[in-house]
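K.L.:
Got a structure for you, questions after.
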Amino acid sequence: QECTVCHPEFCTGRNVVAAHYNWQDGGKGKGLKCHDTHIAYACSGCHLFLDNAAVATVEARKLWWLRGHLKTIYILVRDKVLK
């Protein structure tokens, strides 16, 4: 898949994986990931951005993840992976 986060400073477009929502208000906890429906396709650079508290505020990183998540859900529905 292509990266759906597409942060202009961090996006490499390479090594795209499913980046799970990374905060407690979405179900993440010690040793727990969020549900697999809570993903955004993120390249290695964007995934690092999302996980790195030193580069942006939590709010900014959540917004970038959410934008990618919405695009990812669209792709999954379009490709009939989700209904």
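By convention here, the chains of the structure tokens are called A, B, ... in the order presented, each chain's residues are numbered starting at 1, and ligands are numbered starting at 1 in the order presented.
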Neighbouring residues of range 58-64 of chain A were defined as those with any atom within 12 Å, considering only C-alpha atoms; residues of the same chain fewer than 5 positions away were excluded. Please report them as a PyMOL selection string.

P.N.:
chain A and resi 3-8+10-11+19-26+39-42+46-53+69-71

K.L.:
Would you compute the distance between CA of Cys43 in chain A and CA of Val17 in chain A? Give it in Å to one decimal.

P.N.:
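Computing it gives 6.3 Å between the two atoms.
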
K.L.:
DSSP on the backbone, then: every residue of chain A marked strand (DSSP E or B), written as a ChimeraX atom specification.

P.N.:
/A:17-20,29,32,39-42

K.L.:
Which is closer to Leu66 in chain A than all the others in A:Lys83, A:His38, A:Ala54, A:Ser44, using only C-alpha atoms?

P.N.:
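Looking at the shortest contact to Leu66 in chain A, the residue is A:His38.
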
K.L.:
Between A:Lys80, A:Ala56, A:Trp65, A:Ala18, single out the one closest to Thr37 in chain A, counting only C-alpha atoms.

P.N.:
A:Ala18

K.L.:
For CA of Val55 in chain A and CA of Gly13 in chain A, determine how far apart the two atoms are, in Å to one decimal place.

P.N.:
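Answer for the CA of Val55 in chain A to CA of Gly13 in chain A separation: 18.9 Å.
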
K.L.:
Residues of range 8-55 of chain A classed as alpha helix (DSSP H) by DSSP on the backbone are to be reported as a PDB file with all heavy atoms, in the first residue's frame.

P.N.:
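In the end it all went to part19.pdb:
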```pdb
ATOM      1  N   SER A  44       7.922   4.238   6.753  1.00  0.00           N
ATOM      2  CA  SER A  44       8.841   4.228   7.897  1.00  0.00           C
ATOM      3  C   SER A  44       9.051   5.631   8.467  1.00  0.00           C
ATOM      4  O   SER A  44       9.092   5.814   9.693  1.00  0.00           O
ATOM      5  CB  SER A  44      10.175   3.603   7.506  1.00  0.00           C
ATOM      6  OG  SER A  44      10.738   4.274   6.398  1.00  0.00           O
ATOM      7  N   GLY A  45       9.156   6.632   7.609  1.00  0.00           N
ATOM      8  CA  GLY A  45       9.362   8.002   8.091  1.00  0.00           C
ATOM      9  C   GLY A  45       8.162   8.546   8.831  1.00  0.00           C
ATOM     10  O   GLY A  45       8.291   9.151   9.902  1.00  0.00           O
ATOM     11  N   CYS A  46       6.973   8.344   8.275  1.00  0.00           N
ATOM     12  CA  CYS A  46       5.756   8.825   8.943  1.00  0.00           C
ATOM     13  C   CYS A  46       5.489   8.059  10.231  1.00  0.00           C
ATOM     14  O   CYS A  46       5.024   8.629  11.222  1.00  0.00           O
ATOM     15  CB  CYS A  46       4.559   8.729   7.994  1.00  0.00           C
ATOM     16  SG  CYS A  46       4.594  10.000   6.704  1.00  0.00           S
ATOM     17  N   HIS A  47       5.810   6.749  10.229  1.00  0.00           N
ATOM     18  CA  HIS A  47       5.624   5.961  11.445  1.00  0.00           C
ATOM     19  C   HIS A  47       6.536   6.483  12.553  1.00  0.00           C
ATOM     20  O   HIS A  47       6.117   6.603  13.711  1.00  0.00           O
ATOM     21  CB  HIS A  47       5.904   4.491  11.161  1.00  0.00           C
ATOM     22  CG  HIS A  47       5.201   3.554  12.083  1.00  0.00           C
ATOM     23  ND1 HIS A  47       4.871   2.289  11.711  1.00  0.00           N
ATOM     24  CD2 HIS A  47       4.749   3.679  13.345  1.00  0.00           C
ATOM     25  CE1 HIS A  47       4.262   1.679  12.709  1.00  0.00           C
ATOM     26  NE2 HIS A  47       4.183   2.513  13.711  1.00  0.00           N
ATOM     27  N   LEU A  48       7.767   6.821  12.217  1.00  0.00           N
ATOM     28  CA  LEU A  48       8.673   7.415  13.205  1.00  0.00           C
ATOM     29  C   LEU A  48       8.114   8.734  13.735  1.00  0.00           C
ATOM     30  O   LEU A  48       8.183   9.016  14.931  1.00  0.00           O
ATOM     31  CB  LEU A  48      10.054   7.646  12.596  1.00  0.00           C
ATOM     32  CG  LEU A  48      10.994   6.463  12.602  1.00  0.00           C
ATOM     33  CD1 LEU A  48      12.242   6.774  11.794  1.00  0.00           C
ATOM     34  CD2 LEU A  48      11.357   6.066  14.010  1.00  0.00           C
ATOM     35  N   PHE A  49       7.577   9.558  12.832  1.00  0.00           N
ATOM     36  CA  PHE A  49       6.959  10.818  13.251  1.00  0.00           C
ATOM     37  C   PHE A  49       5.826  10.560  14.244  1.00  0.00           C
ATOM     38  O   PHE A  49       5.750  11.203  15.294  1.00  0.00           O
ATOM     39  CB  PHE A  49       6.426  11.582  12.037  1.00  0.00           C
ATOM     40  CG  PHE A  49       5.460  12.676  12.397  1.00  0.00           C
ATOM     41  CD1 PHE A  49       5.918  13.877  12.926  1.00  0.00           C
ATOM     42  CD2 PHE A  49       4.093  12.499  12.240  1.00  0.00           C
ATOM     43  CE1 PHE A  49       5.031  14.885  13.285  1.00  0.00           C
ATOM     44  CE2 PHE A  49       3.200  13.495  12.587  1.00  0.00           C
ATOM     45  CZ  PHE A  49       3.671  14.693  13.115  1.00  0.00           C
ATOM     46  N   LEU A  50       4.945   9.623  13.923  1.00  0.00           N
ATOM     47  CA  LEU A  50       3.794   9.348  14.785  1.00  0.00           C
ATOM     48  C   LEU A  50       4.214   8.861  16.169  1.00  0.00           C
ATOM     49  O   LEU A  50       3.553   9.157  17.166  1.00  0.00           O
ATOM     50  CB  LEU A  50       2.876   8.310  14.128  1.00  0.00           C
ATOM     51  CG  LEU A  50       2.193   8.742  12.836  1.00  0.00           C
ATOM     52  CD1 LEU A  50       1.487   7.552  12.202  1.00  0.00           C
ATOM     53  CD2 LEU A  50       1.223   9.892  13.067  1.00  0.00           C
ATOM     54  N   ASP A  51       5.299   8.122  16.238  1.00  0.00           N
ATOM     55  CA  ASP A  51       5.751   7.539  17.504  1.00  0.00           C
ATOM     56  C   ASP A  51       6.675   8.450  18.311  1.00  0.00           C
ATOM     57  O   ASP A  51       6.980   8.145  19.457  1.00  0.00           O
ATOM     58  CB  ASP A  51       6.488   6.221  17.239  1.00  0.00           C
ATOM     59  CG  ASP A  51       5.559   5.099  16.829  1.00  0.00           C
ATOM     60  OD1 ASP A  51       4.335   5.239  17.017  1.00  0.00           O
ATOM     61  OD2 ASP A  51       6.058   4.077  16.326  1.00  0.00           O
TER      62      ASP A  51
END
```

K.L.:
Rounded to one decimal place, report the CA of Asn15 in chain A-CA of Leu82 in chain A distance in Å.

P.N.:
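Calculated distance between CA of Asn15 in chain A and CA of Leu82 in chain A is 22.8 Å.
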